[in-house]
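Trainee: Supplied structure: target_26.tsv, TSV, C-alpha atoms and all ligand atoms.
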chain	number	residue	atom	x	y	z
A	1302	MET	CA	101.82	80.95	110.91
A	1303	LYS	CA	100.95	79.67	107.46
A	1304	ASN	CA	97.62	77.95	106.95
A	1305	PRO	CA	98.30	74.19	107.34
A	1306	LEU	CA	95.79	73.60	104.51
A	1307	LEU	CA	98.38	75.08	102.14
A	1308	LYS	CA	100.29	71.79	102.16
A	1309	THR	CA	97.28	69.93	100.80
A	1310	MET	CA	95.89	72.53	98.41
A	1311	LYS	CA	96.09	72.10	94.66
A	1312	ILE	CA	96.98	75.28	92.83
A	1313	GLY	CA	96.18	75.55	89.12
A	1314	PHE	CA	97.29	77.99	86.46
A	1315	ILE	CA	95.48	78.59	83.17
A	1316	GLY	CA	98.17	80.09	80.95
A	1317	ALA	CA	101.91	79.42	81.33
A	1318	GLY	CA	103.36	82.78	80.30
A	1319	ASN	CA	105.69	85.24	82.03
A	1320	MET	CA	103.54	85.85	85.11
A	1321	THR	CA	102.81	82.16	85.71
A	1322	GLN	CA	106.51	81.37	85.39
A	1323	ALA	CA	107.33	84.05	87.99
A	1324	LEU	CA	104.58	82.92	90.38
A	1325	VAL	CA	105.41	79.21	90.04
A	1326	LYS	CA	109.09	79.93	90.68
A	1327	GLY	CA	108.22	81.89	93.83
A	1328	MET	CA	105.82	79.25	95.11
A	1329	VAL	CA	108.19	76.35	94.53
A	1330	GLU	CA	111.15	78.21	96.04
A	1331	SER	CA	109.08	79.13	99.12
A	1332	LYS	CA	108.75	75.36	99.76
A	1333	GLU	CA	105.25	75.98	101.18
A	1334	ILE	CA	103.58	74.33	98.21
A	1335	ARG	CA	104.59	70.97	96.82
A	1336	PRO	CA	105.51	71.21	93.12
A	1337	ASP	CA	103.31	68.20	92.35
A	1338	HIS	CA	100.38	70.17	93.81
A	1339	ILE	CA	100.83	72.83	91.14
A	1340	MET	CA	99.10	72.24	87.80
A	1341	VAL	CA	99.42	74.30	84.66
A	1342	SER	CA	97.61	74.32	81.32
A	1343	ASN	CA	98.45	76.44	78.28
A	1344	ARG	CA	97.18	77.03	74.74
A	1345	THR	CA	100.30	75.46	73.24
A	1346	GLN	CA	102.65	72.88	74.72
A	1347	GLY	CA	106.14	74.45	74.62
A	1348	LYS	CA	106.00	76.47	77.86
A	1349	LEU	CA	104.38	73.58	79.74
A	1350	LEU	CA	107.25	71.22	78.97
A	1351	LYS	CA	109.74	73.85	80.13
A	1352	LEU	CA	107.86	74.51	83.39
A	1353	ALA	CA	107.53	70.78	84.14
A	1354	GLU	CA	111.22	70.22	83.50
A	1355	GLN	CA	112.34	73.25	85.51
A	1356	PHE	CA	110.04	72.98	88.54
A	1357	GLN	CA	108.56	69.43	88.41
A	1358	VAL	CA	105.02	70.83	88.35
A	1359	GLN	CA	102.20	68.88	86.70
A	1360	THR	CA	100.78	69.87	83.36
A	1361	ARG	CA	97.32	69.43	81.95
A	1362	ALA	CA	96.24	69.45	78.31
A	1363	HIS	CA	92.89	71.18	78.94
A	1364	ASN	CA	91.87	74.19	81.03
A	1365	GLN	CA	88.85	72.21	82.17
A	1366	GLU	CA	91.11	69.77	84.07
A	1367	ILE	CA	92.61	72.64	86.05
A	1368	ILE	CA	89.13	73.77	87.12
A	1369	ALA	CA	88.08	70.22	87.97
A	1370	GLU	CA	91.18	69.38	90.03
A	1371	CYS	CA	92.34	72.54	91.79
A	1372	ASP	CA	91.27	74.38	94.97
A	1373	VAL	CA	92.78	77.61	93.67
A	1374	VAL	CA	92.58	78.50	89.97
A	1375	ILE	CA	94.77	81.33	88.72
A	1376	ILE	CA	93.69	82.67	85.33
A	1377	ALA	CA	96.90	84.02	83.80
A	1378	VAL	CA	96.06	84.68	80.16
A	1379	LYS	CA	96.03	88.09	78.46
A	1380	PRO	CA	92.72	89.94	78.90
A	1381	GLN	CA	91.89	89.48	75.20
A	1382	ASP	CA	92.21	85.66	75.61
A	1383	PHE	CA	90.16	85.50	78.82
A	1384	SER	CA	86.77	84.61	77.30
A	1385	THR	CA	88.22	82.01	74.93
A	1386	ALA	CA	90.24	80.35	77.71
A	1387	LEU	CA	87.07	79.92	79.79
A	1388	GLU	CA	84.66	79.22	76.94
A	1389	GLY	CA	82.03	76.75	78.13
A	1390	LEU	CA	83.78	76.47	81.52
A	1391	THR	CA	82.59	79.46	83.56
A	1392	GLY	CA	79.75	77.45	85.13
A	1393	GLN	CA	82.13	74.73	86.28
A	1394	PHE	CA	83.71	76.56	89.23
A	1395	SER	CA	82.38	75.41	92.57
A	1396	ASP	CA	81.32	77.81	95.32
A	1397	HIS	CA	84.32	77.00	97.52
A	1398	GLN	CA	86.94	77.40	94.78
A	1399	ILE	CA	89.26	80.42	94.88
A	1400	VAL	CA	89.39	81.94	91.39
A	1401	ILE	CA	92.16	84.48	90.88
A	1402	SER	CA	92.24	86.70	87.81
A	1403	LEU	CA	95.47	88.43	86.81
A	1404	ALA	CA	93.87	90.08	83.77
A	1405	ALA	CA	94.84	93.74	84.00
A	1406	GLY	CA	91.89	95.23	82.12
A	1407	ILE	CA	88.96	93.20	83.45
A	1408	PRO	CA	87.19	94.91	86.36
A	1409	PHE	CA	85.73	93.01	89.26
A	1410	ASP	CA	82.05	93.45	88.34
A	1411	SER	CA	82.76	92.09	84.87
A	1412	LEU	CA	84.58	89.08	86.37
A	1413	GLU	CA	81.59	88.44	88.61
A	1414	LYS	CA	79.30	88.41	85.59
A	1415	GLN	CA	81.53	85.98	83.68
A	1416	ILE	CA	82.20	83.68	86.64
A	1417	PRO	CA	79.08	83.57	88.81
A	1418	THR	CA	80.38	80.88	91.18
A	1419	GLY	CA	83.67	80.62	93.08
A	1420	ARG	CA	85.37	83.08	95.44
A	1421	LEU	CA	86.74	85.70	93.10
A	1422	VAL	CA	90.00	87.55	93.62
A	1423	ARG	CA	91.49	90.17	91.32
A	1424	LEU	CA	95.27	90.16	91.72
A	1425	MET	CA	97.91	92.51	90.37
A	1426	PRO	CA	101.49	91.27	90.49
A	1427	ASN	CA	104.28	92.95	88.54
A	1428	THR	CA	107.57	92.08	86.96
A	1429	PRO	CA	109.75	92.46	90.12
A	1430	SER	CA	107.70	89.52	91.50
A	1431	ILE	CA	110.26	87.44	89.58
A	1432	ILE	CA	112.83	88.43	92.20
A	1433	GLY	CA	110.43	88.44	95.14
A	1434	ARG	CA	110.05	92.22	95.30
A	1435	GLY	CA	107.46	94.84	94.45
A	1436	VAL	CA	103.81	95.12	95.41
A	1437	ILE	CA	101.21	92.40	94.85
A	1438	GLY	CA	97.78	93.94	95.34
A	1439	PHE	CA	94.46	92.13	95.42
A	1440	MET	CA	90.80	92.87	95.66
A	1441	SER	CA	88.26	90.41	97.02
A	1442	PRO	CA	84.94	90.65	98.83
A	1443	ASP	CA	86.49	88.22	101.36
A	1444	GLU	CA	83.33	87.30	103.19
A	1445	ASP	CA	85.14	84.49	105.03
A	1446	GLU	CA	86.59	86.43	107.96
A	1447	GLY	CA	89.96	86.99	106.40
A	1448	PHE	CA	90.42	83.51	104.92
A	1449	VAL	CA	91.10	84.82	101.41
A	1450	SER	CA	93.39	87.59	102.68
A	1451	SER	CA	95.54	85.23	104.70
A	1452	LEU	CA	95.61	82.77	101.80
A	1453	MET	CA	96.89	85.53	99.48
A	1454	ASP	CA	99.62	86.28	102.03
A	1455	ASP	CA	100.54	82.61	102.26
A	1456	LEU	CA	100.54	82.07	98.50
A	1457	PHE	CA	102.24	85.25	97.36
A	1458	GLY	CA	104.11	86.59	100.41
A	1459	GLY	CA	107.39	85.28	99.01
A	1460	LEU	CA	106.90	87.33	95.85
A	1461	GLY	CA	106.69	90.80	97.34
A	1462	TYR	CA	104.60	93.01	99.61
A	1463	VAL	CA	101.04	91.65	99.52
A	1464	MET	CA	98.25	94.15	100.18
A	1465	LYS	CA	94.47	94.23	99.93
A	1466	VAL	CA	92.67	97.15	98.35
A	1467	ASP	CA	89.06	98.08	99.11
A	1468	ASN	CA	87.64	99.07	95.76
A	1469	GLU	CA	88.17	99.32	92.02
A	1470	ASP	CA	89.55	102.90	92.22
A	1471	GLN	CA	92.26	101.81	94.63
A	1472	PHE	CA	92.99	98.79	92.45
A	1473	GLU	CA	93.56	101.10	89.51
A	1474	ALA	CA	95.78	103.40	91.59
A	1475	LEU	CA	97.82	100.40	92.69
A	1476	MET	CA	98.10	99.12	89.13
A	1477	ILE	CA	99.32	102.49	87.84
A	1478	SER	CA	101.69	103.38	90.67
A	1479	CYS	CA	103.19	99.94	91.29
A	1480	SER	CA	102.75	97.81	88.15
A	1481	SER	CA	102.95	100.45	85.40
A	1482	GLY	CA	105.02	102.37	87.94
A	1483	THR	CA	107.82	99.86	87.47
A	1484	GLY	CA	107.90	100.93	83.82
A	1485	PHE	CA	107.86	104.63	84.80
A	1486	VAL	CA	110.84	104.11	87.12
A	1487	PHE	CA	112.71	102.35	84.29
A	1488	GLU	CA	112.03	105.39	82.10
A	1489	MET	CA	113.74	107.63	84.66
A	1490	MET	CA	116.58	105.18	85.04
A	1491	MET	CA	117.16	105.46	81.28
A	1492	TYR	CA	117.44	109.27	81.54
A	1493	TRP	CA	119.98	108.84	84.35
A	1494	GLN	CA	122.01	106.26	82.45
A	1495	ASP	CA	122.08	108.34	79.25
A	1496	TRP	CA	123.24	111.46	81.12
A	1497	ILE	CA	126.08	109.53	82.78
A	1498	ALA	CA	127.11	107.80	79.53
A	1499	GLU	CA	127.23	111.17	77.73
A	1500	ARG	CA	129.96	112.15	80.19
A	1501	GLY	CA	132.29	109.46	78.93
A	1502	PHE	CA	131.47	106.50	81.17
A	1503	ALA	CA	131.23	103.06	79.57
A	1504	ASP	CA	127.67	101.76	79.11
A	1505	ASP	CA	128.04	99.01	81.71
A	1506	VAL	CA	129.47	101.49	84.24
A	1507	SER	CA	126.66	104.02	83.56
A	1508	ARG	CA	124.14	101.22	84.05
A	1509	LYS	CA	125.75	100.15	87.34
A	1510	MET	CA	125.94	103.76	88.63
A	1511	THR	CA	122.25	104.26	87.80
A	1512	ILE	CA	121.10	101.01	89.38
A	1513	GLU	CA	123.09	101.56	92.56
A	1514	THR	CA	121.74	105.10	92.92
A	1515	PHE	CA	118.09	103.96	92.65
A	1516	LEU	CA	118.73	100.85	94.74
A	1517	GLY	CA	120.65	102.83	97.37
A	1518	ALA	CA	117.89	105.42	97.74
A	1519	ALA	CA	115.14	102.77	97.84
A	1520	LEU	CA	116.97	100.57	100.36
A	1521	LEU	CA	117.88	103.54	102.55
A	1522	ALA	CA	114.20	104.56	102.63
A	1523	ALA	CA	113.18	100.94	103.32
A	1524	GLN	CA	115.60	100.70	106.23
A	1525	SER	CA	114.73	104.10	107.71
A	1526	GLU	CA	111.40	103.24	109.23
A	1527	GLY	CA	109.70	106.22	110.87
A	1528	ILE	CA	111.76	108.74	108.88
A	1529	GLU	CA	109.86	110.58	106.16
A	1530	ILE	CA	111.31	110.45	102.64
A	1531	GLU	CA	111.38	114.27	102.74
A	1532	GLU	CA	113.68	114.11	105.79
A	1533	LEU	CA	116.01	111.64	104.01
A	1534	GLN	CA	116.13	114.03	101.08
A	1535	SER	CA	116.96	116.99	103.32
A	1536	ARG	CA	119.94	115.00	104.67
A	1537	VAL	CA	121.56	115.02	101.21
A	1538	THR	CA	120.67	118.65	100.58
A	1539	SER	CA	122.64	121.50	102.06
A	1540	LYS	CA	121.35	125.06	101.73
A	1541	LYS	CA	122.47	126.70	98.47
A	1542	GLY	CA	124.47	123.54	97.68
A	1543	VAL	CA	124.69	121.36	94.57
A	1544	THR	CA	121.70	119.08	95.32
A	1545	ALA	CA	119.59	122.11	96.29
A	1546	ALA	CA	120.30	123.74	92.90
A	1547	GLY	CA	119.19	120.59	91.06
A	1548	LEU	CA	116.06	120.20	93.20
A	1549	THR	CA	115.08	123.86	92.74
A	1550	SER	CA	115.31	123.36	88.99
A	1551	MET	CA	113.23	120.14	89.17
A	1552	ARG	CA	110.54	122.06	91.05
A	1553	GLU	CA	110.65	125.02	88.65
A	1554	LEU	CA	110.28	122.60	85.75
A	1555	GLU	CA	107.26	121.10	87.51
A	1556	ILE	CA	108.48	117.51	87.20
A	1557	GLU	CA	105.84	116.49	89.75
A	1558	ARG	CA	103.09	117.99	87.59
A	1559	GLY	CA	104.46	116.17	84.53
A	1560	LEU	CA	104.46	112.87	86.40
A	1561	ARG	CA	100.95	113.41	87.75
A	1562	ILE	CA	99.69	114.07	84.21
A	1563	SER	CA	101.36	110.84	83.05
A	1564	PHE	CA	99.68	108.89	85.89
A	1565	GLU	CA	96.32	110.41	84.92
A	1566	LYS	CA	96.84	109.50	81.24
A	1567	ALA	CA	97.60	105.93	82.31
A	1568	ALA	CA	94.42	105.92	84.43
A	1569	MET	CA	92.38	107.14	81.45
A	1570	ARG	CA	93.79	104.36	79.28
A	1571	SER	CA	93.05	101.80	81.98
A	1572	LYS	CA	89.39	102.95	82.09
A	1573	GLU	CA	89.22	102.82	78.29
A	1574	ILE	CA	90.53	99.21	78.24
A	1575	SER	CA	88.15	98.18	81.04
A	1576	ARG	CA	85.18	99.55	79.06
A	1577	THR	CA	86.08	97.38	76.07
A	1578	GLN	CA	86.31	94.28	78.28
A	1579	LYS	CA	82.81	94.69	79.80
B	1	LIG	N1	103.62	90.61	82.75
B	1	LIG	C1	103.34	91.50	83.70
B	1	LIG	O1	104.17	92.29	84.17
B	1	LIG	C2	101.95	91.52	84.31
B	1	LIG	C3	101.71	92.30	85.45
B	1	LIG	C4	100.44	92.28	86.02
B	1	LIG	C5	99.44	91.53	85.45
B	1	LIG	N2	99.68	90.81	84.33
B	1	LIG	C6	98.57	90.04	83.76
B	1	LIG	O2	98.90	88.66	83.83
B	1	LIG	C7	98.27	87.98	82.75
B	1	LIG	C8	99.32	87.15	82.04
B	1	LIG	O3	100.33	88.01	81.55
B	1	LIG	P1	101.70	87.43	80.98
B	1	LIG	O4	102.63	88.57	80.91
B	1	LIG	O5	102.07	86.21	81.76
B	1	LIG	O6	101.22	87.01	79.51
B	1	LIG	P2	101.93	85.98	78.49
B	1	LIG	O7	103.37	85.84	78.79
B	1	LIG	O8	101.50	86.40	77.13
B	1	LIG	O9	101.22	84.59	78.84
B	1	LIG	C9	99.88	84.31	78.55
B	1	LIG	C10	99.77	82.82	78.32
B	1	LIG	O10	98.40	82.50	78.15
B	1	LIG	C11	98.34	81.43	77.23
B	1	LIG	N3	97.00	81.32	76.66
B	1	LIG	C12	96.41	82.14	75.75
B	1	LIG	N4	95.17	81.69	75.44
B	1	LIG	C13	94.99	80.57	76.20
B	1	LIG	C14	93.93	79.64	76.31
B	1	LIG	N5	92.79	79.77	75.60
B	1	LIG	N6	94.07	78.61	77.16
B	1	LIG	C15	95.23	78.44	77.88
B	1	LIG	N7	96.27	79.28	77.79
B	1	LIG	C16	96.16	80.33	76.96
B	1	LIG	C17	99.40	81.77	76.19
B	1	LIG	O11	99.73	80.58	75.47
B	1	LIG	P3	100.73	80.54	74.19
B	1	LIG	O12	102.04	80.03	74.73
B	1	LIG	O13	100.09	79.59	73.26
B	1	LIG	O14	100.80	81.94	73.66
B	1	LIG	C18	100.51	82.31	77.07
B	1	LIG	O15	101.42	81.32	77.48
B	1	LIG	C19	97.65	89.06	81.85
B	1	LIG	O16	96.27	89.10	82.06
B	1	LIG	C20	98.29	90.34	82.30
B	1	LIG	O17	97.40	91.43	82.17
B	1	LIG	C21	100.92	90.76	83.77
Take the structure in the file and give it back as structure tokens.
Ligand SMILES: NC(=O)c1ccc[n+]([C@@H]2O[C@H](COP(=O)([O-])OP(=O)(O)OC[C@H]3O[C@@H](n4cnc5c(N)ncnc54)[C@H](OP(=O)(O)O)[C@@H]3O)[C@@H](O)[C@H]2O)c1
Mentor:
Amino acid sequence: MKNPLLKTMKIGFIGAGNMTQALVKGMVESKEIRPDHIMVSNRTQGKLLKLAEQFQVQTRAHNQEIIAECDVVIIAVKPQDFSTALEGLTGQFSDHQIVISLAAGIPFDSLEKQIPTGRLVRLMPNTPSIIGRGVIGFMSPDEDEGFVSSLMDDLFGGLGYVMKVDNEDQFEALMISCSSGTGFVFEMMMYWQDWIAERGFADDVSRKMTIETFLGAALLAAQSEGIEIEELQSRVTSKKGVTAAGLTSMRELEIERGLRISFEKAAMRSKEISRTQK
């Protein structure tokens, strides 16, 4: 059961960009949070007007008002704008306030230094949140016997699979595999689509064939609880058959090794960015 407090909570967003728009849409559509309990501020006015018109949320001219009025403050600006957005305001969070950072490159210990008060949460949504899918991971000390964890479920459950990670290394793994991972999957989908199109299919048909193949495999795995992905793969692979020939080649070409190297390169870049944000 959802926390009854959710109906009375005020949820504030600092920054009204892509992620805020996705999260606001999900929250309003879930009907668990009243639109007039959502407040948004932004550097410039254009996106605020659009959000207010589309979802009937409230807007505020200054970030300070969001901090003063909201129980939950979601900081949704790019990492490079983080310090400016909170300039002169970091001491204004109260101890009970939930402060959620979406900033990809700012590690938890650095957040703690910048915002000494408030109950900090580092959250990683991703673009499929727009359609209520994908993984939303968070990290939080959660010293309140699960209060923060259940609140994250209540707030973001409609936007995908919400999960808690235990430490910064896991947060990075989640960011690379699920958030950047969405981009990696798109890369593979482009290879698929190009190969199909080169065989004379129209672009829109190649796109549809690609999407349905990825979607079909993902949904089949999702609906085959208890069956390993390897077992599902073996069901489309007969000995010395067509699929087996392709898979043997993929293994000889060490596609897995290539992907692992790409994940590691992404992890190195993530560490590099985090160092510059400290
Ligand atoms: N997009 C993703 O897939 C994704 C996934 C995971 C995490 N994230 C994280 O989510 C955060 C937001 O990303 P996004 O894609 O939503 O970025 P975005 O579309 O660029 O939106 C950022 C917003 O912040 C506003 N802003 C900048 N400085 C501000 C300030 N001082 N005060 C108030 N608002 C300010 C910008 O205002 P203007 O309109 O004036 O530019 C802009 O609307 C980032 O930290 C990112 O790392 C994003």
Trainee: Rank nothing, just name the residue among A:Leu1516, A:Val1506, A:Leu1324, A:Met1440 nearest to A:Asn1427, using only C-alpha atoms.
Mentor: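 Nearest candidate to A:Asn1427 out of A:Leu1516, A:Val1506, A:Leu1324, A:Met1440: A:Leu1324.
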Trainee: Excluding same-chain residues fewer than 5 positions from A:Gln1398, what lies within 6 Å of it counting only C-alpha atoms, as a PyMOL selection string?
Mentor: chain A and resi 1372-1373+1419-1420
Trainee: Distance atom C2 of ligand LIG 1 (chain B)-atom CA of A:Ala1404, one decimal place?
Mentor: 8.2 Å
Trainee: Using only C-alpha atoms and all ligand atoms, which of A:Gln1359, A:Asn1304, A:Thr1391, A:Gln1381 sits nearest ligand LIG 1 (chain B)?
Mentor: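 Nearest to ligand LIG 1 (chain B): A:Gln1381.
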Trainee: Chain A near ligand LIG 1 (chain B) within 8 Å: what's each residue's closest atom pair and its distance in Å to one decimal, counting all atoms listed in the file, ordered by chain then ascending residue number, as a tab-separated table?
Mentor:
residue	atom	partner	partner_atom	distance
A:Ile1315	CA	B:LIG1	C15	5.3
A:Gly1316	CA	B:LIG1	O10	3.7
A:Ala1317	CA	B:LIG1	O15	4.3
A:Gly1318	CA	B:LIG1	O9	3.2
A:Asn1319	CA	B:LIG1	O5	3.8
A:Met1320	CA	B:LIG1	O5	3.7
A:Thr1321	CA	B:LIG1	O5	5.7
A:Gln1322	CA	B:LIG1	O5	7.5
A:Ser1342	CA	B:LIG1	C15	5.9
A:Asn1343	CA	B:LIG1	N7	3.6
A:Arg1344	CA	B:LIG1	N7	3.9
A:Thr1345	CA	B:LIG1	O13	4.1
A:Gln1346	CA	B:LIG1	O12	7.2
A:Gly1347	CA	B:LIG1	O12	6.9
A:Lys1348	CA	B:LIG1	O12	6.2
A:His1363	CA	B:LIG1	C15	7.7
A:Asn1364	CA	B:LIG1	C15	6.3
A:Ile1376	CA	B:LIG1	C7	7.5
A:Ala1377	CA	B:LIG1	C7	4.3
A:Val1378	CA	B:LIG1	O10	3.8
A:Lys1379	CA	B:LIG1	O16	3.7
A:Pro1380	CA	B:LIG1	O16	4.8
A:Asp1382	CA	B:LIG1	N4	5.0
A:Phe1383	CA	B:LIG1	N5	7.1
A:Ser1384	CA	B:LIG1	N5	7.9
A:Thr1385	CA	B:LIG1	N5	5.1
A:Ala1386	CA	B:LIG1	N5	3.4
A:Leu1387	CA	B:LIG1	N5	7.1
A:Ser1402	CA	B:LIG1	O16	7.4
A:Leu1403	CA	B:LIG1	O2	4.5
A:Ala1404	CA	B:LIG1	O16	3.1
A:Ala1405	CA	B:LIG1	O17	3.9
A:Gly1406	CA	B:LIG1	O17	6.7
A:Leu1424	CA	B:LIG1	C5	7.7
A:Met1425	CA	B:LIG1	C4	5.0
A:Pro1426	CA	B:LIG1	C4	4.7
A:Asn1427	CA	B:LIG1	C3	4.1
A:Thr1428	CA	B:LIG1	O1	4.4
A:Met1476	CA	B:LIG1	C4	7.9
A:Ser1480	CA	B:LIG1	C3	6.2
Trainee: Between A:Tyr1492, A:Ser1478, A:Gly1435, A:Gly1527, which residue has the minimum interatomic distance to A:Thr1511, considering only C-alpha atoms?
Mentor: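 Nearest candidate to A:Thr1511 out of A:Tyr1492, A:Ser1478, A:Gly1435, A:Gly1527: A:Tyr1492.
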Trainee: Nearest residue to A:Gly1484 out of A:Ser1563, A:Ser1451, A:Thr1514, A:Thr1360, using all atoms listed in the file?
Mentor: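 Nearest candidate to A:Gly1484 out of A:Ser1563, A:Ser1451, A:Thr1514, A:Thr1360: A:Ser1563.
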Trainee: Name the residues within 6 Å of (91.0, 82.7, 90.4), counting only C-alpha atoms in the file's coordinates, and put them as a list in words.
Mentor: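 Collected hits near the coordinates: Val1374, Ile1375, Ile1376, Ile1399, Val1400, Ile1401, Ser1402, Leu1421 and Val1422 of chain A.
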Trainee: Just write the chosen residues, C-alpha atoms, as a PDB file, in the frame of the given file.
Mentor:
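Output saved as result_16.pdb:
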ATOM      1  CA  VAL A1374      92.580  78.500  89.970  1.00  0.00           C
ATOM      2  CA  ILE A1375      94.770  81.330  88.720  1.00  0.00           C
ATOM      3  CA  ILE A1376      93.690  82.670  85.330  1.00  0.00           C
ATOM      4  CA  ILE A1399      89.260  80.420  94.880  1.00  0.00           C
ATOM      5  CA  VAL A1400      89.390  81.940  91.390  1.00  0.00           C
ATOM      6  CA  ILE A1401      92.160  84.480  90.880  1.00  0.00           C
ATOM      7  CA  SER A1402      92.240  86.700  87.810  1.00  0.00           C
ATOM      8  CA  LEU A1421      86.740  85.700  93.100  1.00  0.00           C
ATOM      9  CA  VAL A1422      90.000  87.550  93.620  1.00  0.00           C
TER      10      VAL A1422
END
Trainee: Which of these residues is nearest to A:Tyr1462, using all atoms listed in the file: A:Asp1445, A:Gln1524, A:Gly1433, A:Leu1307?
Mentor: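 Smallest distance to A:Tyr1462 is found for A:Gly1433.
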Trainee: Determine the nearest neighbour of A:Gln1471 from the options A:Met1510, A:Glu1499, A:Thr1483, A:Ala1568, counting only C-alpha atoms.
Mentor: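 Residue with the minimum atom-to-atom distance to A:Gln1471: A:Ala1568.
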Trainee: Please indicate the distance in Å from atom CA of A:Thr1577 to atom CA of A:Glu1413, rounded to one decimal place.
Mentor: 16.0 Å
Trainee: Would you place a box with edges along x, y and z of the file around all atoms of stretch 1364-1372 of chain A listed there, add 4 Å to each of its six sides, and report the centre and edge lengths in Å to one decimal, as AutoDock Vina command-line options?
Mentor:
--center_x 90.3 --center_y 71.9 --center_z 88.0 --size_x 12.5 --size_y 13.0 --size_z 21.9
Trainee: Between atom CA of A:Ala1323 and atom CA of A:Leu1452, what is the distance, to one decimal in Å?
Mentor: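 Atom CA of A:Leu1452 lies at a distance of 18.2 Å from atom CA of A:Ala1323.
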Trainee: Identify, on the basis of all atoms listed in the file, every residue whose closest approach to A:Lys1566 does not exceed 12 Å; exclude the query and any residue fewer than 6 positions from it along the same chain; express the result as a list in words.
Mentor: Ile1477, Ser1481, Gly1559, Leu1560, Lys1572 and Glu1573 of chain A
Trainee: Output the selection as a short mmCIF file (atom, residue, chain, number, x, y, z; two decimals), in the frame of the given file - C-alpha atoms for each residue.
Mentor:
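For reference, result-v1.cif as written:
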data_model
loop_
_atom_site.label_atom_id
_atom_site.label_comp_id
_atom_site.auth_asym_id
_atom_site.auth_seq_id
_atom_site.Cartn_x
_atom_site.Cartn_y
_atom_site.Cartn_z
CA ILE A 1477 99.32 102.49 87.84
CA SER A 1481 102.95 100.45 85.40
CA GLY A 1559 104.46 116.17 84.53
CA LEU A 1560 104.46 112.87 86.40
CA LYS A 1572 89.39 102.95 82.09
CA GLU A 1573 89.22 102.82 78.29
#
Trainee: Excluding same-chain residues fewer than 5 positions from A:Asp1454, what lies within 12 Å of it counting all atoms listed in the file, as a list of chain:residue names?
Mentor: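 The contact residues come out as A:Met1302, A:Lys1303, A:Asn1304, A:Leu1307, A:Met1328, A:Glu1333, A:Leu1424, A:Val1436, A:Ile1437, A:Gly1438, A:Phe1439, A:Gly1447, A:Phe1448, A:Val1449, A:Gly1459, A:Leu1460, A:Gly1461, A:Tyr1462, A:Val1463, A:Met1464, A:Lys1465.
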